[in-house]
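Asker: This is target22.cif (mmCIF, C-alpha atoms).
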data_work
loop_
_atom_site.label_atom_id
_atom_site.label_comp_id
_atom_site.auth_asym_id
_atom_site.auth_seq_id
_atom_site.Cartn_x
_atom_site.Cartn_y
_atom_site.Cartn_z
CA MET C 1 17.33 19.25 -28.77
CA LYS C 2 15.78 18.97 -25.31
CA PRO C 3 12.81 16.56 -25.25
CA PRO C 4 9.65 17.59 -23.37
CA VAL C 5 9.11 16.71 -19.72
CA PHE C 6 5.76 15.09 -18.86
CA GLU C 7 4.23 14.96 -15.38
CA THR C 8 1.05 12.97 -14.69
CA PHE C 9 -1.38 13.17 -11.80
CA GLY C 10 -4.37 10.95 -11.08
CA CYS C 11 -5.86 7.93 -12.75
CA ARG C 12 -4.62 5.23 -15.10
CA LEU C 13 -6.52 6.87 -17.96
CA ASN C 14 -4.56 10.08 -17.42
CA ALA C 15 -1.34 8.05 -17.58
CA TYR C 16 -2.53 6.46 -20.82
CA GLU C 17 -3.25 9.89 -22.28
CA THR C 18 0.16 11.17 -21.26
CA GLU C 19 1.72 8.39 -23.34
CA ALA C 20 -0.52 9.39 -26.24
CA MET C 21 0.66 12.99 -25.87
CA ARG C 22 4.26 11.81 -26.07
CA ASP C 23 3.43 10.38 -29.50
CA LEU C 24 1.34 13.33 -30.64
CA SER C 25 3.93 15.91 -29.60
CA ALA C 26 6.86 14.26 -31.39
CA GLY C 27 9.30 17.02 -32.28
CA LEU C 28 8.23 19.29 -29.44
CA GLU C 29 11.29 20.78 -27.74
CA ASN C 30 12.02 22.46 -24.43
CA ALA C 31 8.55 22.11 -22.95
CA VAL C 32 7.00 20.86 -19.70
CA VAL C 33 3.54 19.27 -19.91
CA VAL C 34 1.56 18.71 -16.70
CA ASN C 35 -1.47 16.40 -16.98
CA THR C 36 -3.61 17.27 -13.97
CA CYS C 37 -6.26 15.48 -11.90
CA ALA C 38 -9.37 17.08 -10.42
CA VAL C 39 -10.77 14.26 -8.29
CA THR C 40 -10.11 16.15 -5.02
CA ALA C 41 -9.13 19.64 -3.96
CA GLU C 42 -5.89 18.12 -2.68
CA ALA C 43 -5.09 16.76 -6.15
CA VAL C 44 -5.42 20.27 -7.58
CA ARG C 45 -3.27 21.74 -4.81
CA GLN C 46 -0.53 19.19 -5.47
CA ALA C 47 -0.61 19.91 -9.19
CA ARG C 48 -0.25 23.67 -8.63
CA GLN C 49 2.60 23.06 -6.21
CA ARG C 50 4.35 20.82 -8.73
CA ILE C 51 3.88 23.38 -11.52
CA ARG C 52 5.72 26.01 -9.46
CA LYS C 53 8.58 23.59 -8.81
CA LEU C 54 8.80 22.56 -12.45
CA ARG C 55 9.02 26.20 -13.49
CA ARG C 56 11.93 26.75 -11.11
CA GLU C 57 13.64 23.64 -12.50
CA ASN C 58 12.95 24.58 -16.14
CA PRO C 59 13.03 28.39 -16.32
CA GLU C 60 13.39 28.54 -20.12
CA ALA C 61 10.82 25.89 -21.04
CA ARG C 62 7.23 26.43 -22.20
CA LEU C 63 4.98 25.15 -19.45
CA ILE C 64 1.72 23.58 -20.66
CA VAL C 65 -1.05 22.47 -18.30
CA THR C 66 -3.81 20.07 -19.32
CA GLY C 67 -6.00 17.33 -17.80
CA CYS C 68 -9.20 17.39 -15.77
CA ALA C 69 -8.28 20.23 -13.41
CA ALA C 70 -7.26 22.39 -16.39
CA GLN C 71 -10.52 21.53 -18.14
CA ILE C 72 -12.66 22.46 -15.14
CA GLU C 73 -10.70 25.51 -13.92
CA PRO C 74 -8.72 26.85 -16.89
CA GLU C 75 -8.62 30.43 -15.61
CA ARG C 76 -7.13 29.33 -12.30
CA PHE C 77 -4.15 27.77 -14.08
CA ASN C 78 -3.88 30.52 -16.69
CA ASP C 79 -3.56 33.05 -13.85
CA MET C 80 -0.44 31.28 -12.58
CA PRO C 81 2.62 33.21 -13.79
CA GLU C 82 4.45 29.92 -14.30
CA VAL C 83 1.97 28.71 -16.96
CA ASP C 84 2.22 29.53 -20.67
CA LEU C 85 -0.67 27.50 -22.08
CA VAL C 86 -3.75 25.69 -20.76
CA LEU C 87 -5.11 22.84 -22.91
CA GLY C 88 -8.46 21.09 -22.47
CA ASN C 89 -8.95 17.33 -22.33
CA LEU C 90 -10.18 17.26 -25.93
CA GLU C 91 -7.37 19.41 -27.27
CA LYS C 92 -4.58 17.43 -25.64
CA MET C 93 -5.55 14.36 -27.67
CA GLN C 94 -5.69 16.09 -31.08
CA ALA C 95 -2.70 15.98 -33.42
CA GLU C 96 -3.49 19.43 -34.81
CA THR C 97 -3.14 20.93 -31.34
CA TRP C 98 0.43 19.76 -31.03
CA ALA C 99 1.24 20.61 -34.65
CA GLY C 100 0.44 24.27 -33.94
CA ILE C 101 1.59 24.42 -30.33
CA ALA C 102 4.41 26.90 -31.01
CA GLY C 103 2.01 29.76 -31.65
CA GLN C 104 -0.46 29.07 -28.85
CA SER C 105 -0.77 30.71 -25.44
CA GLY C 106 -3.47 31.40 -22.87
CA ILE C 107 -6.48 29.08 -22.71
CA VAL C 108 -7.39 26.57 -25.43
CA VAL C 109 -10.31 24.68 -23.89
CA GLN C 110 -13.51 23.55 -25.61
CA ASP C 111 -16.83 22.64 -24.00
CA ILE C 112 -16.21 19.04 -22.91
CA MET C 113 -19.96 18.37 -22.76
CA ALA C 114 -20.12 18.84 -26.53
CA ALA C 115 -17.75 15.90 -27.09
CA THR C 116 -19.37 12.99 -28.91
CA GLU C 117 -16.36 10.78 -29.67
CA THR C 118 -13.51 9.30 -27.69
CA ALA C 119 -10.00 10.42 -28.53
CA GLY C 120 -8.94 8.86 -31.79
CA HIS C 121 -5.30 8.37 -30.87
CA LEU C 122 -4.47 4.80 -29.91
CA ILE C 123 -1.15 3.74 -28.45
CA ASP C 124 0.49 0.35 -28.72
CA GLY C 125 2.21 -0.50 -25.50
CA PHE C 126 1.54 1.76 -22.54
CA GLY C 127 2.24 0.00 -19.24
CA THR C 128 5.13 -2.42 -18.89
CA ARG C 129 6.78 -4.61 -21.49
CA ALA C 130 4.37 -7.31 -20.33
CA ARG C 131 1.06 -5.49 -19.82
CA ALA C 132 -0.67 -2.92 -22.04
CA TYR C 133 -3.64 -0.67 -21.34
CA VAL C 134 -6.38 0.02 -23.87
CA GLN C 135 -8.80 2.92 -23.47
CA VAL C 136 -12.29 1.77 -24.45
CA GLN C 137 -14.42 4.51 -22.91
CA ASN C 138 -14.24 8.09 -21.65
CA GLY C 139 -16.55 10.39 -19.70
CA CYS C 140 -19.47 9.66 -17.38
CA ASP C 141 -23.23 10.18 -17.57
CA HIS C 142 -23.75 9.80 -13.82
CA ARG C 143 -23.68 12.64 -11.31
CA CYS C 144 -22.52 11.27 -7.99
CA THR C 145 -22.71 14.10 -5.47
CA PHE C 146 -19.02 13.96 -4.52
CA CYS C 147 -17.59 13.75 -8.05
CA ILE C 148 -16.41 16.55 -10.34
CA ILE C 149 -14.98 14.25 -13.01
CA PRO C 150 -17.91 14.38 -15.48
CA TYR C 151 -17.19 18.10 -15.85
CA GLY C 152 -13.59 17.31 -16.72
CA ARG C 153 -14.28 14.32 -18.96
CA GLY C 154 -17.70 15.05 -20.42
CA ASN C 155 -20.47 12.57 -21.09
CA SER C 156 -19.78 8.90 -21.72
CA ARG C 157 -18.30 8.02 -25.13
CA SER C 158 -17.28 4.57 -26.29
CA VAL C 159 -14.59 3.26 -28.63
CA PRO C 160 -16.26 0.90 -31.15
CA ALA C 161 -15.64 -2.78 -30.50
CA GLY C 162 -13.95 -3.34 -33.86
CA VAL C 163 -11.37 -0.63 -33.13
CA VAL C 164 -10.66 -2.11 -29.70
CA VAL C 165 -10.27 -5.65 -31.07
CA GLU C 166 -7.87 -4.51 -33.81
CA GLN C 167 -5.72 -2.64 -31.32
CA ILE C 168 -5.55 -5.66 -29.02
CA LYS C 169 -4.56 -7.85 -31.96
CA ARG C 170 -1.66 -5.46 -32.67
CA LEU C 171 -0.61 -5.55 -29.02
CA VAL C 172 -0.61 -9.35 -28.96
CA ALA C 173 1.42 -9.40 -32.18
CA LYS C 174 3.97 -7.15 -30.44
CA GLY C 175 4.31 -9.68 -27.62
CA PHE C 176 2.05 -8.37 -24.86
CA ASN C 177 0.59 -11.17 -22.75
CA GLU C 178 -1.93 -9.09 -20.83
CA VAL C 179 -4.27 -6.27 -21.83
CA VAL C 180 -6.18 -4.11 -19.36
CA LEU C 181 -9.36 -2.38 -20.50
CA THR C 182 -9.60 1.09 -19.02
CA GLY C 183 -12.04 4.00 -18.95
CA VAL C 184 -13.79 6.45 -16.65
CA ASP C 185 -17.07 4.53 -16.27
CA MET C 186 -16.42 1.15 -17.84
CA THR C 187 -19.88 -0.35 -17.42
CA SER C 188 -21.40 2.46 -19.49
CA TRP C 189 -19.41 1.29 -22.52
CA GLY C 190 -21.57 0.84 -25.59
CA ALA C 191 -24.58 2.91 -24.54
CA ASP C 192 -23.78 5.51 -27.22
CA LEU C 193 -22.97 2.99 -29.97
CA PRO C 194 -25.44 1.58 -32.54
CA GLY C 195 -27.58 -1.05 -30.83
CA ALA C 196 -26.22 -0.03 -27.39
CA PRO C 197 -24.13 -3.18 -26.84
CA PRO C 198 -23.16 -3.81 -23.19
CA LEU C 199 -19.61 -4.09 -21.86
CA GLY C 200 -19.97 -7.87 -21.67
CA ASN C 201 -20.44 -7.93 -25.43
CA LEU C 202 -17.08 -6.20 -25.90
CA VAL C 203 -15.32 -8.51 -23.42
CA GLN C 204 -16.68 -11.66 -25.05
CA ARG C 205 -15.80 -10.39 -28.53
CA ILE C 206 -12.21 -9.78 -27.44
CA LEU C 207 -11.93 -13.25 -25.89
CA THR C 208 -13.39 -14.85 -29.03
CA LEU C 209 -11.66 -12.80 -31.72
CA VAL C 210 -8.22 -12.56 -30.08
CA PRO C 211 -7.65 -16.19 -29.03
CA ASP C 212 -3.89 -15.64 -28.71
CA LEU C 213 -4.33 -13.11 -25.88
CA PRO C 214 -3.43 -15.02 -22.69
CA ARG C 215 -4.83 -12.56 -20.15
CA LEU C 216 -7.56 -9.91 -20.29
CA ARG C 217 -8.20 -7.70 -17.30
CA ILE C 218 -10.86 -5.08 -16.51
CA SER C 219 -9.58 -2.05 -14.62
CA SER C 220 -12.72 -1.13 -12.61
CA ILE C 221 -16.47 -1.67 -12.80
CA ASP C 222 -19.68 -0.49 -11.20
CA SER C 223 -21.00 -3.87 -10.10
CA ILE C 224 -24.68 -2.89 -10.15
CA GLU C 225 -24.33 -2.20 -13.89
CA ALA C 226 -22.63 -5.49 -14.75
CA ASP C 227 -24.65 -6.96 -17.62
CA PRO C 228 -25.42 -10.70 -18.03
CA ALA C 229 -22.75 -11.18 -20.72
CA LEU C 230 -20.11 -9.59 -18.49
CA ILE C 231 -21.17 -11.70 -15.51
CA GLU C 232 -20.98 -14.81 -17.71
CA ALA C 233 -17.47 -13.85 -18.86
CA ILE C 234 -16.28 -13.26 -15.30
CA LYS C 235 -17.69 -16.58 -14.17
CA PHE C 236 -16.64 -18.86 -17.00
CA HIS C 237 -13.76 -17.41 -19.05
CA PRO C 238 -10.41 -18.32 -17.45
CA ARG C 239 -8.55 -15.82 -19.66
CA LEU C 240 -10.52 -12.99 -18.03
CA MET C 241 -8.55 -12.43 -14.86
CA PRO C 242 -10.26 -13.24 -11.52
CA HIS C 243 -9.62 -9.78 -10.12
CA LEU C 244 -12.24 -7.02 -10.03
CA HIS C 245 -11.90 -3.52 -8.65
CA LEU C 246 -15.35 -2.32 -7.63
CA SER C 247 -16.62 1.25 -7.34
CA LEU C 248 -18.42 0.80 -4.00
CA GLN C 249 -17.60 4.10 -2.18
CA ALA C 250 -19.48 3.28 1.06
CA GLY C 251 -21.17 0.49 2.96
CA ASP C 252 -24.13 2.37 4.44
CA ASN C 253 -27.33 2.68 2.46
CA MET C 254 -28.17 6.21 3.61
CA ILE C 255 -24.70 7.44 2.68
CA LEU C 256 -24.93 5.66 -0.68
CA LYS C 257 -28.23 7.45 -1.28
CA ARG C 258 -26.71 10.80 -0.37
CA MET C 259 -23.81 10.05 -2.69
CA LYS C 260 -26.40 9.39 -5.43
CA ARG C 261 -24.96 5.95 -6.04
CA ARG C 262 -27.04 3.37 -7.89
CA HIS C 263 -26.64 0.38 -5.57
CA ALA C 264 -27.34 -0.66 -1.98
CA ARG C 265 -24.88 -2.49 0.26
CA GLU C 266 -26.96 -5.66 -0.22
CA ASP C 267 -26.39 -5.44 -3.98
CA ALA C 268 -22.63 -5.35 -3.51
CA ILE C 269 -22.65 -8.27 -1.09
CA GLU C 270 -24.83 -10.37 -3.41
CA PHE C 271 -22.63 -9.62 -6.42
CA CYS C 272 -19.43 -10.61 -4.63
CA ALA C 273 -20.99 -13.78 -3.26
CA ASP C 274 -22.29 -14.73 -6.71
CA MET C 275 -18.91 -14.17 -8.36
CA ARG C 276 -17.03 -16.05 -5.65
CA ALA C 277 -19.38 -19.02 -5.88
CA ALA C 278 -18.54 -19.34 -9.57
CA ARG C 279 -14.81 -18.53 -9.27
CA PRO C 280 -13.57 -19.19 -5.74
CA GLU C 281 -10.17 -17.71 -6.57
CA ILE C 282 -11.59 -14.28 -7.45
CA VAL C 283 -10.08 -11.29 -5.63
CA PHE C 284 -11.90 -8.00 -5.07
CA GLY C 285 -10.60 -4.49 -4.65
CA ALA C 286 -12.77 -1.46 -3.97
CA ASP C 287 -12.85 2.31 -3.67
CA ILE C 288 -14.22 3.46 -0.30
CA ILE C 289 -14.65 7.04 0.91
CA ALA C 290 -14.20 7.71 4.62
CA GLY C 291 -16.04 10.58 6.29
CA PHE C 292 -18.60 11.54 3.66
CA PRO C 293 -20.73 14.45 4.99
CA THR C 294 -23.32 13.34 7.61
CA GLU C 295 -21.56 9.97 8.10
CA THR C 296 -22.09 8.89 11.71
CA ASP C 297 -20.02 6.35 13.62
CA ALA C 298 -22.67 3.72 12.95
CA MET C 299 -22.69 4.51 9.24
CA PHE C 300 -18.91 4.24 9.09
CA GLU C 301 -19.08 0.88 10.88
CA ASN C 302 -21.22 -0.33 7.97
CA SER C 303 -18.36 0.52 5.59
CA LEU C 304 -15.96 -1.45 7.78
CA LYS C 305 -18.41 -4.37 7.80
CA LEU C 306 -18.73 -4.22 4.02
CA VAL C 307 -15.04 -5.17 3.73
CA GLU C 308 -15.84 -8.39 5.58
CA ASP C 309 -19.24 -8.99 4.01
CA CYS C 310 -17.92 -8.64 0.45
CA GLY C 311 -14.57 -10.29 1.16
CA LEU C 312 -12.61 -7.28 -0.13
CA THR C 313 -8.81 -7.44 -0.31
CA TRP C 314 -7.31 -4.45 -2.13
CA LEU C 315 -8.78 -1.25 -0.67
CA HIS C 316 -8.34 2.18 -2.23
CA VAL C 317 -9.31 4.51 0.61
CA PHE C 318 -10.18 8.17 0.09
CA PRO C 319 -10.64 10.50 3.07
CA PHE C 320 -13.51 12.73 1.96
CA SER C 321 -12.29 15.99 0.48
CA ALA C 322 -14.93 18.53 -0.49
CA ARG C 323 -14.65 19.42 -4.17
CA GLU C 324 -15.97 22.87 -5.00
CA GLY C 325 -18.75 22.65 -7.55
CA THR C 326 -20.19 19.35 -6.30
CA PRO C 327 -23.42 18.95 -4.25
CA ALA C 328 -21.52 17.14 -1.47
CA ALA C 329 -19.44 20.26 -0.86
CA ARG C 330 -22.63 21.99 0.33
CA ILE C 331 -23.51 19.30 2.88
CA PRO C 332 -22.35 19.88 6.49
CA PRO C 333 -18.98 18.09 6.74
CA VAL C 334 -17.67 15.59 9.24
CA ASN C 335 -14.91 16.91 11.49
CA GLY C 336 -11.56 16.64 9.68
CA ALA C 337 -9.85 14.77 12.51
CA ILE C 338 -12.65 12.19 12.49
CA VAL C 339 -12.37 11.81 8.70
CA LYS C 340 -8.63 11.23 9.03
CA ALA C 341 -9.10 8.68 11.83
CA ARG C 342 -11.75 6.77 9.86
CA ALA C 343 -9.53 6.65 6.78
CA ALA C 344 -6.71 5.29 8.93
CA ARG C 345 -8.97 2.55 10.30
CA LEU C 346 -10.05 1.55 6.81
CA ARG C 347 -6.45 1.47 5.57
CA ALA C 348 -5.37 -0.63 8.56
CA LEU C 349 -8.18 -3.07 7.83
CA GLY C 350 -7.12 -3.14 4.19
CA GLU C 351 -3.53 -3.92 5.15
CA ALA C 352 -4.75 -6.74 7.39
CA LYS C 353 -6.86 -8.16 4.56
CA VAL C 354 -3.92 -8.05 2.16
CA ALA C 355 -1.71 -9.83 4.70
CA GLU C 356 -4.42 -12.44 5.25
CA TYR C 357 -4.78 -13.00 1.51
CA LEU C 358 -1.05 -13.26 0.93
CA ALA C 359 -0.62 -15.73 3.80
CA ALA C 360 -3.31 -17.94 2.24
CA GLN C 361 -1.21 -18.22 -0.95
CA LEU C 362 1.76 -19.92 0.74
CA GLY C 363 2.64 -23.23 -0.86
CA ARG C 364 0.31 -22.67 -3.80
CA SER C 365 1.22 -22.43 -7.46
CA ALA C 366 0.51 -19.25 -9.39
CA GLN C 367 0.72 -18.10 -12.98
CA VAL C 368 2.85 -14.93 -12.77
CA LEU C 369 3.23 -12.33 -15.50
CA ILE C 370 6.81 -11.07 -15.19
CA GLU C 371 6.87 -7.24 -15.26
CA ASN C 372 10.55 -6.75 -14.45
CA PRO C 373 13.34 -9.28 -13.84
CA HIS C 374 12.54 -9.60 -10.14
CA MET C 375 8.77 -8.93 -9.96
CA GLY C 376 5.56 -10.12 -11.54
CA ARG C 377 1.84 -10.31 -10.79
CA THR C 378 -0.51 -13.21 -10.25
CA GLU C 379 -3.91 -13.50 -11.90
CA GLY C 380 -5.31 -11.95 -8.70
CA PHE C 381 -2.96 -8.96 -9.14
CA ALA C 382 -0.69 -9.75 -6.19
CA GLU C 383 2.96 -8.84 -6.66
CA VAL C 384 5.44 -11.71 -6.55
CA ARG C 385 9.11 -11.04 -5.86
CA PHE C 386 11.86 -13.35 -7.22
CA ASP C 387 15.43 -13.49 -5.95
CA ILE C 388 16.68 -14.72 -9.32
CA ALA C 389 15.97 -12.75 -12.49
CA GLN C 390 13.06 -13.98 -14.64
CA PRO C 391 12.28 -13.35 -18.35
CA VAL C 392 10.29 -10.12 -18.63
CA GLY C 393 6.99 -10.47 -20.44
CA GLU C 394 6.58 -14.21 -19.95
CA ILE C 395 3.93 -15.92 -17.85
CA MET C 396 5.77 -18.17 -15.41
CA LEU C 397 4.45 -20.91 -13.16
CA ALA C 398 5.74 -20.18 -9.67
CA THR C 399 5.48 -21.69 -6.22
CA ILE C 400 4.70 -19.16 -3.50
CA THR C 401 7.23 -19.54 -0.69
CA GLY C 402 6.56 -16.53 1.53
CA HIS C 403 5.35 -12.95 1.79
CA SER C 404 6.50 -9.65 3.26
CA GLU C 405 5.75 -5.95 2.89
CA GLY C 406 2.65 -6.53 0.79
CA GLN C 407 4.39 -8.83 -1.70
CA LEU C 408 4.51 -12.56 -2.25
CA GLU C 409 7.83 -14.36 -2.62
CA GLY C 410 8.11 -16.97 -5.32
CA VAL C 411 10.29 -19.57 -6.99
CA SER C 412 9.93 -20.31 -10.69
CA VAL C 413 8.80 -23.91 -11.19
CA ARG C 414 10.27 -24.14 -14.70
CA SER C 415 13.81 -23.17 -13.77
CA GLY C 416 13.74 -24.18 -10.15
CA ASP C 417 14.89 -20.73 -9.17
#
What is this structure when it is put down as structure tokens?
Answerer:
Amino acid sequence: MKPPVFETFGCRLNAYETEAMRDLSAGLENAVVVNTCAVTAEAVRQARQRIRKLRRENPEARLIVTGCAAQIEPERFNDMPEVDLVLGNLEKMQAETWAGIAGQSGIVVQDIMAATETAGHLIDGFGTRARAYVQVQNGCDHRCTFCIIPYGRGNSRSVPAGVVVEQIKRLVAKGFNEVVLTGVDMTSWGADLPGAPPLGNLVQRILTLVPDLPRLRISSIDSIEADPALIEAIKFHPRLMPHLHLSLQAGDNMILKRMKRRHAREDAIEFCADMRAARPEIVFGADIIAGFPTETDAMFENSLKLVEDCGLTWLHVFPFSAREGTPAARIPPVNGAIVKARAARLRALGEAKVAEYLAAQLGRSAQVLIENPHMGRTEGFAEVRFDIAQPVGEIMLATITGHSEGQLEGVSVRSGD
């Protein structure tokens, strides 16, 4: 029996769903499953390239393609001679799909916009032996001009709070010390549930009803949509980690308007200042796109300034890549060499900010969740390297003794090593 091979592209939610597919496809033999991403044209190109290589490496296997790119462009993947079956994002998460997989070929893709529920399959333990991820939301109701993802994920759907709480209780009982809430558009959680509870309601319920959970983390939020209960939790609940990844995308108001974002640069700056005033130790990451169509040098400088004005540390930089089917693809583009150069400047600034942040931790104590014997993460999500093996899954008090190559170096206070 040859177990299936899984390949995952793209976001943390895709990785979560790959783990769910491993469970759902139990018993599947001699197959290759590729879970694609559609966020950029380059992501699709890489997936197609990988599919060809996987076919050469597994000539006798059934090759199944799913994920956002397969959902949006099923015919494109079905036309590849290497591909046997194309599954949509709804189908990949249904047990009946995998139960009848042996007789399927061609395209099995439903209209994602007709989806009204999140996938029902929950997994207990994706991540590391220390950290688990819990999907609480899927899809997106917004239509940013650069983004194709709503057409791959559908409209926003939420997992009911009671289901989320019960899953987290099971994870804590299994020994996980940190849970990360994940989704496509986290701050839209609850809008489709009875009473339209906000994300902050879910977060506070988890913190109240799962008192044994040491650390709760939110994967990414749209800061302009942070509700009062969420802001209160961020400010005052020490078990909610002081690390937020913000969907900012740009620092110039005209570019934000052309992106069809819902915030201005001033909103982002005010939010970060407010959060830092309440929790001085908070650390911010952000997504920023370099070279969006019509971006001038002055507009790009505003994105660079936003890193300083918001006090951002962990930058996720995207050079703009036109995605066919989006409004931004029809706007006159910035020269490719300029886009590349701007992305490089943003990344260099990000590296400098990380180095600055790490240097500021020297001599301090940190609570570190041990992910593998020689590495863990602080509450602010910085990696800490240990020379001597530590107990995986435990939260250790450590003294920070140095940093190099984007990592802190630490010594366990408890063991003196």
Asker: Using only C-alpha atoms, which protein or nucleic acid residues come within 6 Å of range 257-272 of chain C? Drop anything in the same chain fewer than 4 positions from it, and give the result as a VMD selection string.
Answerer: chain C and resid 144 to 145 224 251 253 310
Asker: Kindly give the distance, in Å, that separates CA of Leu207 in chain C and CA of Ile370 in chain C, rounded to a single decimal.
Answerer: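 These atoms are spaced 21.7 Å apart.
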Asker: Neighbours of Met113 in chain C within 8 Å (all atoms listed in the file; same-chain residues fewer than 3 positions away dropped), as a ChimeraX atom specification?
Answerer: /C:151,153-155
Asker: Env of Val165 in chain C: 9 Å cut, atoms = all atoms listed in the file, seq-sep filter 5 positions within chain, self excluded. Answer as a ChimeraX atom specification.
Answerer: /C:160,170,202,205-206,209-210
Asker: Let me know the residues the PyMOL selection byres ((chain C and resi 52) around 12) catches in the file above, as a list of chain:residue names.
Answerer: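 For this structure, the PyMOL selection byres ((chain C and resi 52) around 12) resolves to C:Val32, C:Val34, C:Arg45, C:Gln46, C:Ala47, C:Arg48, C:Gln49, C:Arg50, C:Ile51, C:Lys53, C:Leu54, C:Arg55, C:Arg56, C:Glu57, C:Asn58, C:Pro59, C:Leu63, C:Val65, C:Phe77, C:Met80, C:Pro81, C:Glu82, C:Val83.
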Asker: Apply the PyMOL selection byres ((chain C and resi 198) around 9) to the displayed file and report the matching residues as a list in words.
Answerer: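 Written out, the selection comes to Thr187, Ser188, Trp189, Gly190, Ala191, Ala196, Pro197, Leu199, Gly200, Asn201, Leu202, Ala226, Asp227, Pro228, Ala229 and Leu230 of chain C.
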Asker: Pick the closest to Val317 in chain C from C:Val368, C:Leu256, C:Leu248, C:Ile148: which is it, counting all atoms listed in the file?
Answerer: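 Smallest separation from Val317 in chain C among the options: C:Leu248.
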Asker: Could you list as a VMD selection string every residue that has an atom within 8 Å of (-11.5, -9.6, -9.6), using the file's coordinates and counting all atoms listed in the file?
Answerer: chain C and resid 241 to 245 282 to 285 380
Asker: Would you translate the PyMOL selection byres ((chain C and resi 111) around 10) into the concrete set of residues it matches in this file, as a PyMOL selection string?
Answerer: chain C and resi 71-72+88-90+109-110+112-115+151-152+154
Asker: Could you list, with a cut-off of 10 Å and counting only C-alpha atoms, the residues of range 264-298 of chain C near range 339-352 of chain C, each shown with its nearest atom pair and the distance in Å rounded to one decimal, rows sorted by chain and ascending number, as a tab-separated table?
Answerer:
residue	atom	partner	partner_atom	distance
C:Gly285	CA	C:Gly350	CA	9.6
C:Ile288	CA	C:Leu346	CA	8.5
C:Ile289	CA	C:Ala343	CA	7.8
C:Ala290	CA	C:Ala343	CA	5.3
C:Gly291	CA	C:Val339	CA	4.6
C:Phe292	CA	C:Val339	CA	8.0
C:Pro293	CA	C:Val339	CA	9.5
C:Glu295	CA	C:Val339	CA	9.4
C:Asp297	CA	C:Arg342	CA	9.1
Asker: If we count only C-alpha atoms, what is near Val33 in chain C at a cut-off of 8 Å, once residues fewer than 6 positions away on the same chain are taken out, given as number ranges by chain?
Answerer: C: 4-7, 63-66
Asker: Keeping only C-alpha atoms, write those residues as a tab-separated table (two decimals), in the coordinates of the input.
Answerer:
chain	number	residue	atom	x	y	z
C	4	PRO	CA	9.65	17.59	-23.37
C	5	VAL	CA	9.11	16.71	-19.72
C	6	PHE	CA	5.76	15.09	-18.86
C	7	GLU	CA	4.23	14.96	-15.38
C	63	LEU	CA	4.98	25.15	-19.45
C	64	ILE	CA	1.72	23.58	-20.66
C	65	VAL	CA	-1.05	22.47	-18.30
C	66	THR	CA	-3.81	20.07	-19.32
Asker: Of the candidates C:Gln361, C:Ser219, C:Thr36, C:Ser321, which shows the shortest atom-to-atom distance to Gln407 in chain C, using all atoms listed in the file?
Answerer: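 Smallest separation from Gln407 in chain C among the options: C:Gln361.
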Asker: So the first atom is CA of Cys11 in chain C and the second is CA of Ala382 in chain C; what is the distance between them in Å, to one decimal place?
Answerer: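 CA of Ala382 in chain C lies at a distance of 19.6 Å from CA of Cys11 in chain C.
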Asker: Box for range 328-343 of chain C - axis-aligned, 4 Å on each of the six sides, all listed atoms - centre and size in Å to one decimal, as AutoDock Vina command-line options.
Answerer:
--center_x -16.1 --center_y 14.3 --center_z 5.5 --size_x 22.9 --size_y 23.3 --size_z 22.0
Asker: Here's a test: counting only C-alpha atoms, identify every protein, DNA and RNA residue with an atom at most 10 Å from (0.5, 19.0, -30.2) in the file's coordinate frame, and state them as an MDAnalysis selection string.
Answerer: chainID C and resid 21:28 87 91:102
